[in-house]
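Note: the block below is structure-v9.txt and it holds compact mmCIF, C-alpha atoms.
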```txt
# COMPACT_ATOMS: atom_id res chain seq x y z
CA MET A 1283 35.41 29.10 -2.98
CA SER A 1284 31.82 28.08 -2.20
CA VAL A 1285 31.08 24.50 -1.14
CA HIS A 1286 28.87 22.57 -3.54
CA GLU A 1287 25.45 21.75 -2.09
CA ARG A 1288 24.79 18.11 -2.93
CA HIS A 1289 21.30 17.53 -4.32
CA VAL A 1290 19.83 14.18 -3.24
CA LEU A 1291 16.74 12.77 -4.95
CA VAL A 1292 14.75 10.38 -2.74
CA ILE A 1293 12.19 7.97 -4.19
CA ALA A 1294 10.00 6.46 -1.47
CA ASN A 1295 6.36 5.74 -0.75
CA GLU A 1296 5.26 3.95 2.43
CA THR A 1297 8.81 3.99 3.80
CA VAL A 1298 9.28 7.73 3.32
CA ALA A 1299 9.02 8.43 7.06
CA GLY A 1300 11.20 5.45 7.99
CA ARG A 1301 14.06 6.09 10.40
CA SER A 1302 16.61 4.23 8.23
CA LEU A 1303 15.90 6.54 5.31
CA ILE A 1304 16.16 9.69 7.42
CA GLU A 1305 19.45 8.45 8.88
CA ALA A 1306 20.83 7.88 5.35
CA ILE A 1307 20.07 11.52 4.56
CA GLU A 1308 21.57 12.72 7.83
CA ARG A 1309 24.84 10.89 7.04
CA ARG A 1310 25.14 12.88 3.84
CA ARG A 1311 24.62 16.13 5.71
CA GLU A 1312 27.59 15.21 7.92
CA GLU A 1313 29.74 15.11 4.78
CA GLY A 1314 28.74 18.60 3.63
CA PRO A 1315 25.81 20.80 2.56
CA VAL A 1316 22.92 18.81 1.16
CA ARG A 1317 19.55 19.59 -0.40
CA VAL A 1318 16.84 16.92 -0.62
CA THR A 1319 13.93 16.43 -3.00
CA VAL A 1320 11.55 13.62 -2.01
CA ILE A 1321 9.29 12.11 -4.66
CA THR A 1322 6.52 9.84 -3.35
CA PRO A 1323 4.86 7.76 -6.07
CA VAL A 1324 1.35 6.58 -5.19
CA ASN A 1325 0.77 2.97 -6.18
CA GLN A 1326 -1.90 2.53 -8.83
CA PRO A 1327 -4.07 -0.60 -8.97
CA ARG A 1328 -3.92 -2.88 -11.97
CA GLU A 1329 -6.15 -2.31 -14.98
CA GLY A 1330 -9.69 -3.44 -14.28
CA TYR A 1331 -9.77 -2.22 -10.70
CA VAL A 1332 -12.10 0.58 -9.73
CA VAL A 1333 -10.94 2.73 -6.83
CA TYR A 1334 -13.43 4.53 -4.62
CA GLU A 1335 -12.47 7.62 -2.63
CA ASP A 1336 -8.95 6.27 -2.41
CA THR A 1337 -7.03 7.47 0.63
CA ARG A 1338 -3.61 6.54 -0.77
CA ARG A 1339 -2.72 10.05 -1.89
CA ALA A 1340 -3.75 11.64 1.41
CA ALA A 1341 -1.81 9.02 3.38
CA ALA A 1342 1.25 9.51 1.18
CA ARG A 1343 1.05 13.28 1.68
CA ARG A 1344 0.94 12.85 5.49
CA ARG A 1345 4.03 10.61 5.45
CA LEU A 1346 5.86 12.99 3.12
CA GLU A 1347 5.11 16.05 5.27
CA GLN A 1348 6.34 14.17 8.35
CA THR A 1349 9.70 13.46 6.70
CA LEU A 1350 10.08 16.99 5.32
CA GLY A 1351 9.37 18.37 8.78
CA VAL A 1352 12.07 16.22 10.38
CA LEU A 1353 14.66 17.19 7.76
CA ARG A 1354 13.87 20.91 7.93
CA ALA A 1355 14.03 20.82 11.73
CA GLU A 1356 17.60 19.57 11.37
CA GLY A 1357 18.49 22.39 8.99
CA ILE A 1358 18.35 20.35 5.80
CA PRO A 1359 16.60 22.15 2.90
CA ALA A 1360 13.91 19.71 1.76
CA SER A 1361 10.97 19.73 -0.60
CA GLY A 1362 8.76 16.99 -1.95
CA LEU A 1363 5.90 15.95 -4.14
CA VAL A 1364 3.32 13.14 -4.27
CA VAL A 1365 2.92 11.84 -7.83
CA GLU A 1366 0.47 9.38 -9.33
CA THR A 1367 2.85 7.26 -11.36
CA ASP A 1368 5.15 4.31 -10.94
CA PRO A 1369 8.54 4.86 -9.22
CA VAL A 1370 10.65 4.39 -12.35
CA ALA A 1371 8.63 6.92 -14.37
CA ALA A 1372 8.70 9.26 -11.36
CA THR A 1373 12.49 9.02 -11.29
CA ARG A 1374 12.81 9.77 -15.02
CA ASP A 1375 10.50 12.78 -14.70
CA ALA A 1376 12.42 14.13 -11.71
CA LEU A 1377 15.79 13.77 -13.44
CA ALA A 1378 14.46 15.62 -16.47
CA GLN A 1379 12.74 18.43 -14.58
CA LEU A 1380 14.56 19.17 -11.31
CA GLU A 1381 16.82 22.20 -11.04
CA PRO A 1382 19.54 21.89 -10.05
CA PRO A 1383 19.83 18.31 -11.33
CA PRO A 1384 20.25 15.64 -8.64
CA ASP A 1385 23.74 14.41 -7.81
CA GLU A 1386 22.56 11.07 -6.51
CA ILE A 1387 19.46 9.00 -5.83
CA ILE A 1388 18.23 7.13 -2.76
CA VAL A 1389 15.53 4.50 -3.29
CA SER A 1390 13.77 3.35 -0.15
CA THR A 1391 11.79 0.10 0.02
CA HIS A 1392 10.35 -2.39 2.44
CA PRO A 1393 12.31 -5.63 3.02
CA LEU A 1394 12.15 -8.11 0.15
CA GLN A 1395 9.38 -10.28 1.57
CA ARG A 1396 7.04 -7.27 1.84
CA SER A 1397 8.15 -5.07 -1.03
CA GLY A 1398 6.19 -4.89 -4.26
CA TRP A 1399 8.90 -2.60 -5.66
CA LEU A 1400 11.61 -5.20 -5.13
CA ARG A 1401 9.46 -7.93 -6.64
CA ARG A 1402 9.16 -5.71 -9.73
CA ASN A 1403 12.93 -4.99 -9.82
CA VAL A 1404 12.31 -1.29 -9.30
CA VAL A 1405 15.78 -0.57 -7.86
CA GLU A 1406 17.56 -2.10 -10.85
CA ARG A 1407 15.26 -0.27 -13.26
CA ILE A 1408 15.94 3.05 -11.51
CA GLU A 1409 19.69 2.35 -11.72
CA SER A 1410 19.26 1.90 -15.49
CA ALA A 1411 17.32 5.16 -15.73
CA ALA A 1412 19.77 7.10 -13.55
CA GLY A 1413 22.24 7.75 -16.36
CA GLY A 1414 25.29 6.93 -14.25
CA LEU A 1415 24.24 8.77 -11.08
CA PRO A 1416 24.98 6.92 -7.84
CA VAL A 1417 21.93 5.02 -6.54
CA GLU A 1418 21.68 3.79 -2.96
CA HIS A 1419 19.03 1.31 -1.88
CA VAL A 1420 17.82 1.79 1.71
CA VAL A 1421 15.67 -0.92 3.30
CA VAL A 1422 13.15 0.28 5.89
CA ASP A 1423 11.47 -2.33 8.07
CA LEU A 1424 8.51 -0.43 9.45
CA LYS A 1425 7.39 -3.36 11.59
CA ARG A 1426 10.59 -2.97 13.64
CA GLU A 1427 10.15 0.76 14.09
CA PRO A 1428 8.14 2.27 16.96
CA GLY A 1429 4.57 2.88 15.82
CA GLY A 1430 5.09 0.91 12.61
CA GLU A 1431 1.85 0.53 10.66
CA ALA A 1432 0.62 -2.82 9.35
CA ASN A 1433 -1.10 -3.21 5.99
CA VAL A 1434 -4.11 -5.51 6.23
CA LEU A 1435 -5.72 -6.92 3.08
CA VAL A 1436 -9.43 -7.73 3.39
CA ILE A 1437 -11.12 -10.02 0.84
CA ALA A 1438 -14.91 -9.69 0.92
CA ASN A 1439 -17.77 -9.38 -1.53
CA GLU A 1440 -21.39 -9.74 -0.40
CA THR A 1441 -20.28 -9.94 3.25
CA VAL A 1442 -18.33 -6.66 3.17
CA VAL A 1443 -20.86 -4.79 5.32
CA GLY A 1444 -21.48 -7.74 7.64
CA GLU A 1445 -21.12 -6.81 11.28
CA PRO A 1446 -18.72 -9.70 12.11
CA LEU A 1447 -16.29 -8.45 9.45
CA LEU A 1448 -16.60 -4.80 10.48
CA GLU A 1449 -16.03 -5.80 14.10
CA LYS A 1450 -12.93 -7.82 13.16
CA ILE A 1451 -11.51 -4.76 11.35
CA ARG A 1452 -12.28 -2.60 14.39
CA GLU A 1453 -10.54 -5.09 16.70
CA ARG A 1454 -7.45 -5.17 14.47
CA ALA A 1455 -7.34 -1.37 14.33
CA GLN A 1456 -7.41 -1.25 18.13
CA GLN A 1457 -4.48 -3.67 18.42
CA GLY A 1458 -2.06 -1.24 16.76
CA PRO A 1459 -1.57 1.12 13.80
CA ALA A 1460 -3.00 -0.44 10.65
CA SER A 1461 -4.22 0.50 7.20
CA PHE A 1462 -6.84 -1.64 5.46
CA LEU A 1463 -7.40 -2.40 1.78
CA ILE A 1464 -10.74 -4.07 1.04
CA ILE A 1465 -10.98 -5.80 -2.33
CA SER A 1466 -14.33 -7.08 -3.57
CA PRO A 1467 -13.99 -9.69 -6.33
CA GLN A 1468 -16.86 -9.69 -8.83
CA SER A 1469 -18.17 -12.71 -10.69
CA ASP A 1470 -19.04 -10.89 -13.93
CA SER A 1471 -15.70 -9.95 -15.50
CA THR A 1472 -17.41 -8.74 -18.70
CA SER A 1473 -19.10 -5.79 -17.01
CA SER A 1474 -17.29 -2.58 -16.13
CA ALA A 1475 -20.04 -1.55 -13.70
CA HIS A 1476 -20.94 -3.38 -10.51
CA PRO A 1477 -23.48 -1.08 -8.82
CA GLU A 1478 -24.41 -3.42 -5.97
CA ALA A 1479 -20.76 -4.16 -5.16
CA GLU A 1480 -19.96 -0.46 -5.35
CA ARG A 1481 -22.84 0.39 -3.03
CA ARG A 1482 -21.76 -2.21 -0.45
CA LEU A 1483 -18.12 -1.16 -0.64
CA ARG A 1484 -18.88 2.54 -0.25
CA ARG A 1485 -21.09 1.78 2.73
CA ALA A 1486 -18.33 -0.21 4.43
CA LEU A 1487 -15.76 2.53 3.76
CA THR A 1488 -18.11 5.21 5.08
CA ILE A 1489 -18.74 3.28 8.30
CA LEU A 1490 -15.08 2.56 8.98
CA ARG A 1491 -13.74 5.98 8.00
CA GLY A 1492 -16.36 7.50 10.27
CA GLU A 1493 -14.57 5.66 13.08
CA ALA A 1494 -11.18 7.12 12.02
CA ILE A 1495 -9.96 3.83 10.52
CA GLU A 1496 -7.70 4.26 7.48
CA VAL A 1497 -9.30 2.14 4.79
CA HIS A 1498 -9.75 2.15 1.04
CA GLY A 1499 -11.42 -0.28 -1.32
CA GLN A 1500 -11.47 -1.68 -4.81
CA VAL A 1501 -13.72 -3.79 -6.98
CA ALA A 1502 -11.31 -6.49 -8.08
CA HIS A 1503 -10.59 -9.48 -10.31
CA PRO A 1504 -13.48 -11.97 -10.26
CA ASP A 1505 -11.41 -14.80 -8.79
CA PRO A 1506 -10.71 -14.04 -5.10
CA PHE A 1507 -7.43 -15.96 -5.04
CA THR A 1508 -6.12 -14.12 -8.11
CA ALA A 1509 -7.32 -10.78 -6.73
CA ALA A 1510 -5.54 -11.38 -3.43
CA ALA A 1511 -2.37 -12.63 -5.13
CA GLN A 1512 -2.26 -9.53 -7.34
CA ALA A 1513 -2.65 -7.26 -4.31
CA VAL A 1514 0.15 -9.06 -2.46
CA GLN A 1515 2.36 -8.80 -5.55
CA ASP A 1516 1.68 -5.09 -6.05
CA GLU A 1517 1.73 -3.81 -2.48
CA ARG A 1518 3.06 -4.47 0.99
CA VAL A 1519 0.64 -6.79 2.75
CA ASP A 1520 1.32 -7.99 6.29
CA GLU A 1521 -1.93 -9.74 7.13
CA ILE A 1522 -5.04 -10.99 5.34
CA ILE A 1523 -8.66 -11.22 6.46
CA VAL A 1524 -11.05 -13.32 4.36
CA SER A 1525 -14.79 -12.90 4.86
CA THR A 1526 -17.25 -15.52 3.59
CA PHE A 1527 -20.69 -16.91 4.19
CA PRO A 1528 -20.54 -19.87 6.61
CA GLY A 1529 -19.89 -23.37 5.32
CA GLU A 1530 -19.14 -24.78 1.90
CA LYS A 1531 -22.84 -25.08 1.07
CA THR A 1532 -23.28 -21.32 1.02
CA SER A 1533 -19.75 -20.18 0.14
CA SER A 1534 -18.11 -20.98 -3.19
CA TRP A 1535 -14.91 -19.46 -1.78
CA LEU A 1536 -14.80 -22.11 0.95
CA ARG A 1537 -15.58 -24.84 -1.58
CA GLY A 1538 -12.50 -23.62 -3.44
CA ASP A 1539 -10.39 -23.83 -0.24
CA LEU A 1540 -9.54 -20.12 -0.56
CA VAL A 1541 -8.31 -19.59 3.01
CA ASN A 1542 -5.79 -22.44 3.01
CA ARG A 1543 -4.62 -21.65 -0.53
CA LEU A 1544 -3.86 -18.06 0.50
CA ARG A 1545 -1.98 -19.22 3.60
CA LYS A 1546 0.21 -21.53 1.52
CA HIS A 1547 0.75 -19.07 -1.34
CA THR A 1548 1.44 -15.88 0.64
CA ARG A 1549 2.90 -17.35 3.88
CA LEU A 1550 1.09 -14.52 5.67
CA PRO A 1551 -1.28 -14.68 8.61
CA VAL A 1552 -4.79 -15.27 7.21
CA GLU A 1553 -7.89 -14.89 9.40
CA HIS A 1554 -11.29 -16.18 8.33
CA VAL A 1555 -14.50 -14.40 9.33
CA GLU A 1556 -17.92 -15.89 8.65
CA VAL A 1557 -20.94 -13.66 8.05
CA GLU A 1558 -24.46 -15.09 7.96
CA ARG A 1559 -26.39 -14.44 4.77
CA GLU A 1560 -29.18 -11.95 5.32
CA PRO A 1561 -32.67 -13.26 4.61
CA GLU A 1562 -34.04 -12.18 1.25
CA ALA A 1563 -36.39 -9.21 1.47
CA VAL A 1564 -40.04 -10.21 1.16
CA ALA A 1565 -42.14 -8.13 -1.21
```

Will you turn the file into structure tokens for me?
Amino acid sequence: MSVHERHVLVIANETVAGRSLIEAIERRREEGPVRVTVITPVNQPREGYVVYEDTRRAAARRRLEQTLGVLRAEGIPASGLVVETDPVAATRDALAQLEPPPDEIIVSTHPLQRSGWLRRNVVERIESAAGGLPVEHVVVDLKREPGGEANVLVIANETVVGEPLLEKIRERAQQGPASFLIISPQSDSTSSAHPEAERRLRRALTILRGEAIEVHGQVAHPDPFTAAAQAVQDERVDEIIVSTFPGEKTSSWLRGDLVNRLRKHTRLPVEHVEVEREPEAVA
């Protein structure tokens, strides 16, 4: 009589290469033959954001391939796919399409204080969609793992290509593995196009990516506090950098006490970088 090969469906994004998740799979292999399908949903920004040359999918693919390589090296049949949808929809699609059907599901997230999925009750919603299949929730704390990567949120608009801000990002990248998300709040919420903001943002991304820094950017909600709060709600954010013109006379963000408000609201480390306004070009 042949032994049933247990099919495990794994739903994980940034934590897909986490040691705790791999160990959970290895424990199942100790109990008998196991096959693994890993689905990595790529987070999508909220409506109204414009994403430029987003590196999320490429980064997700690198993490996925790393995990598949580890599992295959240990003799565990493993395949995977990066999908551009939310984790609950990704789970439903996988359950409907995979052959053979999964026998159980593992959902991997960051710890509560850094997990957008947990704040959106993703685990409970996947349990509801699972149709009675066992669902295990594995918490992966990447900051405690060797080589764990930090996610740094950068809030900047007109100062986004300022040398002090670019140098601060370079310094942070040199301190340890980090990925950067730059969001550029725009004052005109009625317009879908922000050509000057787009030009500045693309320039900053080009400079930093040319130095092998993992960074992506978005034109965001016009209010910088709301834009930052949305990003923290949607994604894992470990640190924040806010870039402004110097002084309250030249910076409406400082007049609105943005830096202190973000520190109180997010309870995350928030650094403030000042960039001098460039003189207006003379015709």

Tell me, in Å to one decimal, how far CA of Glu1431 (chain A) is from CA of Ser1461 (chain A).
7.0 Å

List every protein, DNA or RNA residue that has at least one atom no more than 12 Å from (-3.6, -1.0, 15.6) in the file's coordinates, counting all atoms listed in the file, and write the result as a list in words.
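Residues with an atom close enough to that point: Lys1425, Gly1429, Gly1430, Glu1431, Ala1432, Asn1433, Val1434, Lys1450, Ile1451, Arg1452, Glu1453, Arg1454, Ala1455, Gln1456, Gln1457, Gly1458, Pro1459, Ala1460, Ser1461, Phe1462, Ala1494, Ile1495 and Glu1496 of chain A.
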
I'd like the neighbourhood of Gly1414 (chain A) as a list in words, where a residue qualifies if any of its atoms comes within 12 Å (using all atoms listed in the file), though same-chain residues fewer than 2 positions away should be ignored.
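My list of contacting residues is Leu1377, Pro1384, Asp1385, Glu1386, Ile1387, Ile1408, Glu1409, Ser1410, Ala1411, Ala1412, Pro1416 and Val1417 of chain A.
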
I want to know what sits within 12 Å of Glu1356 (chain A), based on only C-alpha atoms, with residues of the same chain fewer than 2 positions away left out; could you give that as a count of residues only?
17

In terms of the shortest atom-to-atom distance over all atoms listed in the file, which of A:Ala1479, A:Val1422, A:Ala1486, A:Ala1340 is closest to Pro1504 (chain A)?
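Smallest separation from Pro1504 (chain A) among the options: A:Ala1479.
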
Atom pair CA of Ala1511 (chain A) / CA of Arg1559 (chain A): separation (Å):
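Calculated distance between CA of Ala1511 (chain A) and CA of Arg1559 (chain A) is 26.0 Å.
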
So, with all atoms listed in the file as the atoms that count, which of A:Ala1341, A:Leu1540, A:Val1292, A:Val1389 lies closest to Ser1361 (chain A)?
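Under the stated criterion, the closest residue is A:Val1292.
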
For His1503 (chain A), which residue among A:Ala1371, A:Leu1291, A:Ile1437, A:Ile1388 is the nearest when counting all atoms listed in the file?
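Of the candidates, the smallest distance to His1503 (chain A) is held by A:Ile1437.
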